[in-house]
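What's in start_1.csv: CSV, C-alpha atoms
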```csv
chain,number,residue,atom,x,y,z
M,25,MET,CA,-69.8,69.1,11.1
M,26,LEU,CA,-66.2,70.0,11.2
M,27,PRO,CA,-63.6,67.2,11.6
M,28,GLU,CA,-63.1,68.1,15.2
M,29,GLU,CA,-66.8,67.7,16.0
M,30,ASN,CA,-66.9,64.4,14.2
M,31,ILE,CA,-63.9,63.1,16.1
M,32,ARG,CA,-65.6,64.1,19.4
M,33,GLU,CA,-68.8,62.4,18.3
M,34,ALA,CA,-67.0,59.2,17.2
M,35,GLN,CA,-65.2,59.1,20.6
M,36,ARG,CA,-68.5,59.6,22.4
M,37,LEU,CA,-70.2,56.7,20.5
M,38,ILE,CA,-67.3,54.4,21.2
M,39,ALA,CA,-67.2,55.3,24.9
M,40,GLU,CA,-70.9,54.6,25.2
M,41,SER,CA,-70.9,51.3,23.3
M,42,ASP,CA,-70.0,47.8,24.6
M,43,GLU,CA,-66.3,47.0,24.7
M,44,SER,CA,-65.4,45.5,21.3
M,45,ASP,CA,-62.5,44.1,19.3
M,46,LEU,CA,-63.4,46.2,16.3
M,47,TYR,CA,-65.0,49.6,15.9
M,48,VAL,CA,-66.2,50.6,12.4
M,49,LEU,CA,-66.8,54.2,11.2
M,50,PRO,CA,-68.4,55.3,7.9
M,51,GLU,CA,-66.8,56.4,4.6
M,52,MET,CA,-64.9,59.8,5.0
M,53,TRP,CA,-66.2,59.8,8.6
M,54,SER,CA,-64.4,63.0,9.7
M,55,THR,CA,-65.6,65.2,6.8
M,56,GLY,CA,-68.6,63.5,5.1
M,57,PHE,CA,-68.3,62.6,1.5
M,58,VAL,CA,-66.0,65.1,-0.1
M,59,THR,CA,-66.3,65.2,-3.9
M,60,GLU,CA,-63.8,68.1,-4.4
M,61,PRO,CA,-61.1,67.5,-1.8
M,62,GLN,CA,-58.9,70.5,-2.4
M,63,GLY,CA,-58.3,72.3,0.8
M,64,ILE,CA,-60.1,69.6,2.8
M,65,ALA,CA,-58.1,66.4,2.4
M,66,CYS,CA,-54.7,66.3,4.0
M,67,GLY,CA,-51.8,63.8,4.3
M,68,GLU,CA,-51.4,61.3,7.1
M,69,SER,CA,-48.8,63.6,8.9
M,70,GLY,CA,-50.7,66.0,11.0
M,71,ASN,CA,-54.1,64.5,10.1
M,72,ALA,CA,-56.1,64.8,13.3
M,73,ALA,CA,-58.6,62.1,12.3
M,74,PHE,CA,-55.9,59.6,11.4
M,75,GLU,CA,-54.0,60.3,14.5
M,76,TRP,CA,-57.1,59.9,16.6
M,77,MET,CA,-57.7,56.5,15.0
M,78,ARG,CA,-54.2,55.3,16.0
M,79,THR,CA,-54.4,56.7,19.5
M,80,MET,CA,-57.9,55.3,20.2
M,81,ALA,CA,-57.1,51.9,18.8
M,82,THR,CA,-53.9,51.7,20.9
M,83,SER,CA,-55.6,52.9,24.1
M,84,ARG,CA,-58.5,50.5,23.8
M,85,HIS,CA,-56.4,47.6,22.5
M,86,CYS,CA,-58.7,47.2,19.6
M,87,ALA,CA,-59.0,47.8,15.9
M,88,ILE,CA,-60.7,50.8,14.3
M,89,SER,CA,-61.7,51.0,10.6
M,90,GLY,CA,-63.0,53.9,8.5
M,91,SER,CA,-62.1,55.9,5.4
M,92,LEU,CA,-60.6,59.4,5.1
M,93,ALA,CA,-59.9,61.7,2.1
M,94,ILE,CA,-56.1,61.7,1.9
M,95,LEU,CA,-53.7,63.9,-0.1
M,96,LEU,CA,-50.5,62.0,-1.1
M,97,ASP,CA,-47.1,63.5,-1.5
M,98,ASP,CA,-47.4,63.2,-5.3
M,99,GLY,CA,-50.4,65.5,-5.3
M,100,SER,CA,-53.0,62.8,-5.9
M,101,TYR,CA,-56.1,62.2,-3.7
M,102,ARG,CA,-57.2,58.8,-2.4
M,103,ASN,CA,-60.4,57.7,-0.6
M,104,ARG,CA,-58.4,55.6,1.8
M,105,HIS,CA,-60.1,53.0,4.0
M,106,TYR,CA,-57.8,52.4,7.1
M,107,PHE,CA,-57.8,49.4,9.3
M,108,VAL,CA,-55.8,50.3,12.4
M,109,ASP,CA,-54.8,47.4,14.7
M,110,GLY,CA,-54.1,48.9,18.2
M,111,ARG,CA,-52.8,45.6,19.5
M,112,ASN,CA,-49.6,45.6,17.5
M,113,GLY,CA,-49.6,49.1,15.9
M,114,GLN,CA,-50.0,47.7,12.4
M,115,ILE,CA,-52.0,49.8,9.9
M,116,ALA,CA,-53.5,48.4,6.7
M,117,TYR,CA,-55.3,50.5,4.1
M,118,TYR,CA,-57.4,50.0,1.0
M,119,ASP,CA,-57.8,52.7,-1.6
M,120,LYS,CA,-61.3,52.7,-3.0
M,121,HIS,CA,-61.3,51.0,-6.5
M,122,HIS,CA,-64.7,51.9,-7.9
M,123,LEU,CA,-64.9,55.7,-7.7
M,124,PHE,CA,-68.4,57.1,-7.8
M,125,SER,CA,-68.4,58.6,-11.3
M,126,TYR,CA,-72.1,59.7,-11.0
M,127,GLY,CA,-71.0,62.1,-8.3
M,128,HIS,CA,-67.7,63.0,-10.1
M,129,GLU,CA,-65.5,61.4,-7.5
M,130,ASP,CA,-63.4,60.0,-10.4
M,131,ARG,CA,-62.5,63.6,-11.4
M,132,TYR,CA,-60.4,64.2,-8.3
M,133,TYR,CA,-59.4,60.9,-6.8
M,134,THR,CA,-57.1,58.2,-8.0
M,135,PRO,CA,-58.6,54.7,-7.8
M,136,GLY,CA,-56.8,51.9,-5.9
M,137,GLN,CA,-55.8,48.9,-7.9
M,138,GLN,CA,-55.2,46.4,-5.1
M,139,GLN,CA,-57.8,44.3,-3.2
M,140,VAL,CA,-57.0,44.2,0.5
M,141,ILE,CA,-57.6,41.5,3.1
M,142,VAL,CA,-56.5,42.0,6.7
M,143,ASN,CA,-56.1,39.3,9.3
M,144,TYR,CA,-57.5,40.2,12.7
M,145,ALA,CA,-58.6,38.2,15.7
M,146,GLY,CA,-58.5,35.0,13.6
M,147,PHE,CA,-60.7,36.5,10.9
M,148,ARG,CA,-59.7,37.3,7.3
M,149,ILE,CA,-61.5,40.6,6.5
M,150,GLN,CA,-61.9,42.1,3.0
M,151,LEU,CA,-62.0,45.9,3.0
M,152,LEU,CA,-64.5,47.7,0.6
M,153,THR,CA,-65.8,51.3,0.4
M,154,CYS,CA,-69.3,52.3,-0.6
M,155,TYR,CA,-69.7,52.1,-4.4
M,156,ASP,CA,-67.5,48.9,-4.4
M,157,LEU,CA,-70.6,47.2,-3.1
M,158,ARG,CA,-72.2,47.2,-6.5
M,159,PHE,CA,-69.4,45.3,-8.2
M,160,PRO,CA,-69.5,41.6,-7.1
M,161,VAL,CA,-66.5,40.5,-9.3
M,162,TRP,CA,-64.1,42.8,-7.5
M,163,SER,CA,-65.0,41.3,-4.1
M,164,ARG,CA,-65.6,37.7,-5.1
M,165,TYR,CA,-64.3,35.0,-2.8
M,166,ALA,CA,-61.7,33.1,-4.9
M,167,THR,CA,-58.6,30.9,-4.7
M,168,GLY,CA,-55.9,33.1,-3.3
M,169,HIS,CA,-58.5,35.6,-2.3
M,170,GLU,CA,-60.2,33.8,0.6
M,171,TYR,CA,-61.8,35.7,3.5
M,172,ASP,CA,-64.4,35.3,6.3
M,173,ALA,CA,-66.0,38.8,6.4
M,174,ILE,CA,-66.5,41.8,4.1
M,175,LEU,CA,-66.1,45.2,5.9
M,176,CYS,CA,-67.7,48.0,3.9
M,177,VAL,CA,-67.8,51.6,5.0
M,178,ALA,CA,-70.2,53.9,3.1
M,179,ASN,CA,-72.0,57.2,2.5
M,180,TRP,CA,-75.0,55.4,0.9
M,181,PRO,CA,-77.9,57.9,0.4
M,182,GLU,CA,-81.6,57.4,1.3
M,183,ASN,CA,-82.9,57.3,-2.3
M,184,ARG,CA,-80.8,54.2,-2.9
M,185,GLN,CA,-81.4,52.6,0.4
M,186,SER,CA,-83.3,49.6,-1.2
M,187,ALA,CA,-80.1,48.8,-3.1
M,188,TRP,CA,-78.1,48.9,0.2
M,189,GLN,CA,-80.5,46.5,1.8
M,190,LEU,CA,-80.3,44.1,-1.1
M,191,LEU,CA,-76.6,44.3,-2.0
M,192,THR,CA,-75.3,43.9,1.5
M,193,ARG,CA,-77.2,40.6,1.8
M,194,ALA,CA,-76.2,39.5,-1.7
M,195,ARG,CA,-72.5,39.9,-1.0
M,196,ALA,CA,-72.9,37.9,2.3
M,197,ILE,CA,-74.8,35.1,0.6
M,198,GLU,CA,-72.8,34.7,-2.6
M,199,ASN,CA,-69.5,34.7,-0.7
M,200,GLN,CA,-70.8,32.7,2.3
M,201,CYS,CA,-69.3,35.2,4.7
M,202,TYR,CA,-70.2,37.8,7.3
M,203,PHE,CA,-71.0,41.3,5.9
M,204,ILE,CA,-70.3,44.3,8.1
M,205,GLY,CA,-71.6,47.5,6.6
M,206,CYS,CA,-71.3,51.0,8.3
M,207,ASN,CA,-73.3,53.8,6.7
M,208,ARG,CA,-73.6,57.4,7.7
M,209,VAL,CA,-76.6,59.5,8.7
M,210,GLY,CA,-77.4,63.2,8.1
M,211,SER,CA,-77.4,65.4,5.1
M,212,ASP,CA,-75.0,67.3,2.8
M,213,PRO,CA,-75.7,69.5,-0.2
M,214,TYR,CA,-76.1,66.5,-2.4
M,215,SER,CA,-77.9,63.8,-0.5
M,216,HIS,CA,-79.7,62.7,2.7
M,217,TYR,CA,-78.4,59.6,4.5
M,218,VAL,CA,-80.4,57.3,6.8
M,219,GLY,CA,-77.7,54.9,8.1
M,220,CYS,CA,-79.1,51.4,8.5
M,221,SER,CA,-75.6,50.0,9.3
M,222,CYS,CA,-75.8,46.3,9.5
M,223,VAL,CA,-74.1,43.0,10.2
M,224,ILE,CA,-75.3,40.0,8.2
M,225,ASP,CA,-74.4,36.3,8.4
M,226,ALA,CA,-73.5,33.9,5.6
M,227,TYR,CA,-77.2,32.9,5.0
M,228,GLY,CA,-78.3,36.5,4.6
M,229,LYS,CA,-79.8,36.8,8.1
M,230,THR,CA,-79.5,40.2,9.7
M,231,LEU,CA,-77.7,39.8,13.1
M,232,GLY,CA,-78.1,43.5,13.9
M,233,GLN,CA,-79.1,46.8,12.1
M,234,CYS,CA,-79.1,50.4,13.2
M,235,HIS,CA,-82.3,52.4,13.1
M,236,ARG,CA,-83.1,54.7,10.2
M,237,HIS,CA,-82.1,58.3,10.6
M,238,GLN,CA,-80.6,57.7,14.0
M,239,GLU,CA,-77.0,58.2,15.0
M,240,GLU,CA,-76.1,55.3,17.2
M,241,SER,CA,-73.7,52.4,17.8
M,242,LEU,CA,-74.5,48.7,17.3
M,243,THR,CA,-72.6,45.8,18.9
M,244,VAL,CA,-72.7,42.4,17.3
M,245,ASP,CA,-70.9,39.1,18.0
M,246,ILE,CA,-69.7,37.1,15.0
M,247,ASP,CA,-68.5,33.5,15.3
M,248,LEU,CA,-65.7,32.2,13.1
M,249,LYS,CA,-66.3,28.6,14.2
M,250,GLU,CA,-69.9,28.8,13.3
M,251,LEU,CA,-69.0,30.2,9.9
M,252,GLN,CA,-66.6,27.4,9.3
M,253,ARG,CA,-69.2,24.9,10.3
M,254,ARG,CA,-71.7,26.3,7.9
M,255,ARG,CA,-69.2,26.4,5.1
M,256,SER,CA,-68.1,22.8,5.7
M,257,LYS,CA,-71.8,21.6,5.8
M,258,PHE,CA,-73.2,23.6,2.9
M,259,ARG,CA,-70.2,23.7,0.4
M,260,VAL,CA,-71.4,26.5,-1.9
M,261,LEU,CA,-68.0,28.0,-2.3
M,262,GLU,CA,-66.6,24.8,-3.7
M,263,ASP,CA,-69.0,25.0,-6.6
M,264,ARG,CA,-68.2,28.6,-7.5
M,265,ASP,CA,-67.2,29.6,-11.1
M,266,ASP,CA,-63.5,29.9,-11.9
M,267,ALA,CA,-62.8,33.6,-11.9
M,268,ASP,CA,-60.4,33.1,-14.8
M,269,GLY,CA,-62.8,30.9,-16.7
M,270,LEU,CA,-63.9,31.7,-20.2
M,271,PHE,CA,-67.6,32.2,-21.0
M,272,SER,CA,-69.2,32.0,-24.4
M,273,LEU,CA,-72.4,33.8,-25.3
M,274,ASN,CA,-74.3,32.5,-28.3
M,275,SER,CA,-77.3,34.2,-29.9
M,276,PHE,CA,-79.8,32.5,-32.1
```

Output the file's structure in the form of structure tokens.
Amino acid sequence: MLPEENIREAQRLIAESDESDLYVLPEMWSTGFVTEPQGIACGESGNAAFEWMRTMATSRHCAISGSLAILLDDGSYRNRHYFVDGRNGQIAYYDKHHLFSYGHEDRYYTPGQQQVIVNYAGFRIQLLTCYDLRFPVWSRYATGHEYDAILCVANWPENRQSAWQLLTRARAIENQCYFIGCNRVGSDPYSHYVGCSCVIDAYGKTLGQCHRHQEESLTVDIDLKELQRRRSKFRVLEDRDDADGLFSLNSF
């Protein structure tokens, strides 16, 4: 699909879904996963997909999240996950840190070096992108890095769908948080994608999941007070390892 077609499809799905505070789109939602971005990625100025996110978020008084292939003024490319808050016009972004070297994403894109947590509707939300899901240290809940939900946008292929099912739950359970994962459907020259976007609670229970192979929207309510109640009752996070601690491995 061309970006214009994906924009129209995203608008249709949003229009047909329940009214929500946050709408989530997949990784590189306007183009599909672009390994070689030359001639495809563009800057924020004049970027139809980025402008649509801003306009849609403002008109619906909501937030919209999803990643785009972006060309910066310095000539570098970023896989940039935007979080557009239409209530106040603020825009946060996270540049994908773990580039997918198996697919040569690292040859063309520059990795981000900053973890990003946005505050929205009372929730602290950590932004991740696809391959980041495999690296728990990067997303670990920690002192000074506290959050209530992980929001991960992805192009996760069918042949690694079992890992998607396991890792989404693992990140929710180990960080005692909500996990919101939006994955694409369809095919490109490299892979086939079956979706299975999901929302998972802090105990690993699936609150909602899209059907395999099916392009659709999913609406789920998440409850901050319930999360806080669970965290205060079952204090797993207080027993977590110090991220800066030293570990010794002894072999005999």

Of the listed residues M:Thr82, M:Asn207, M:Gln114, M:Asn199, that which approaches Asp225 (chain M) most closely, counting all atoms listed in the file: M:Asn199

Who sits within 10 Å of Glu43 (chain M), only C-alpha atoms, same chain under 6 positions skipped, as a PyMOL selection string: chain M and resi 84+86+243

Given the selection you just returned, output its residues as a file containing C-alpha atoms, formatted as a PDB file, in the coordinates of the input.
```pdb
ATOM      1  CA  ARG M  84     -58.500  50.500  23.800  1.00  0.00           C
ATOM      2  CA  CYS M  86     -58.700  47.200  19.600  1.00  0.00           C
ATOM      3  CA  THR M 243     -72.600  45.800  18.900  1.00  0.00           C
TER       4      THR M 243
END
```

Nearest to Gly90 (chain M) by atom-to-atom distance, counting only C-alpha atoms, from M:Val177, M:Ala166, M:Val142, M:Ala65: M:Val177

Atomic separation - CA of Tyr47 (chain M) relative to CA of Ala226 (chain M), Å: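 Those two atoms sit 20.6 Å apart.
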
Two-atom distance - CA of Leu96 (chain M), CA of Ala34 (chain M) (Å):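 Those two atoms sit 24.8 Å apart.
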
Residue nearest Arg195 (chain M) - candidates M:Ala87, M:Leu49, M:Ile246, M:Val223, atoms counted: all atoms listed in the file: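 The closest residue to Arg195 (chain M) is M:Val223.
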
Å distance separating CA of Leu152 (chain M) from CA of Glu198 (chain M), one decimal place: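 Result for CA of Leu152 (chain M) versus CA of Glu198 (chain M): 15.8 Å, one decimal.
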
For Gly63 (chain M), the nearest of the candidates M:Val218, M:Ile94, M:Ala173, M:Ile88, counting only C-alpha atoms: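 Result for the nearest residue to Gly63 (chain M): M:Ile94.
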
Counting all atoms listed in the file, the residue of M:Met80, M:Ser186, M:Thr167, M:Pro61 that sits nearest Arg36 (chain M): M:Met80

Protein, DNA and RNA residues within 9 Å of (-71.2, 53.7, 15.3), all atoms listed in the file, as a PyMOL selection string: chain M and resi 34+37-38+41+47-50+206-208+221+234+239-243

With C-alpha atoms retained, export the selected residues as a CSV table (one decimal), keeping the file's coordinate frame.
```csv
chain,number,residue,atom,x,y,z
M,34,ALA,CA,-67.0,59.2,17.2
M,37,LEU,CA,-70.2,56.7,20.5
M,38,ILE,CA,-67.3,54.4,21.2
M,41,SER,CA,-70.9,51.3,23.3
M,47,TYR,CA,-65.0,49.6,15.9
M,48,VAL,CA,-66.2,50.6,12.4
M,49,LEU,CA,-66.8,54.2,11.2
M,50,PRO,CA,-68.4,55.3,7.9
M,206,CYS,CA,-71.3,51.0,8.3
M,207,ASN,CA,-73.3,53.8,6.7
M,208,ARG,CA,-73.6,57.4,7.7
M,221,SER,CA,-75.6,50.0,9.3
M,234,CYS,CA,-79.1,50.4,13.2
M,239,GLU,CA,-77.0,58.2,15.0
M,240,GLU,CA,-76.1,55.3,17.2
M,241,SER,CA,-73.7,52.4,17.8
M,242,LEU,CA,-74.5,48.7,17.3
M,243,THR,CA,-72.6,45.8,18.9
```

Among listed residues M:Cys222, M:Leu46, M:Ile174, M:Ala194, nearest Tyr144 (chain M) (using only C-alpha atoms): M:Leu46

At a cut-off of 6 Å, using all atoms listed in the file, what residues contact Gly136 (chain M)? Leave out same-chain residues fewer than 6 positions from it and give the result as a CSV table (one decimal) with C-alpha atoms, in the frame of the given file.
```csv
chain,number,residue,atom,x,y,z
M,119,ASP,CA,-57.8,52.7,-1.6
M,120,LYS,CA,-61.3,52.7,-3.0
M,121,HIS,CA,-61.3,51.0,-6.5
```

Centre and edge lengths, as AutoDock Vina command-line options, for the axis-aligned box enclosing every listed atom of region 118-134 of chain M with 3 Å of padding on each of the six sides, in Å to one decimal?
```
--center_x -64.6 --center_y 57.1 --center_z -5.2 --size_x 21.0 --size_y 20.2 --size_z 18.4
```
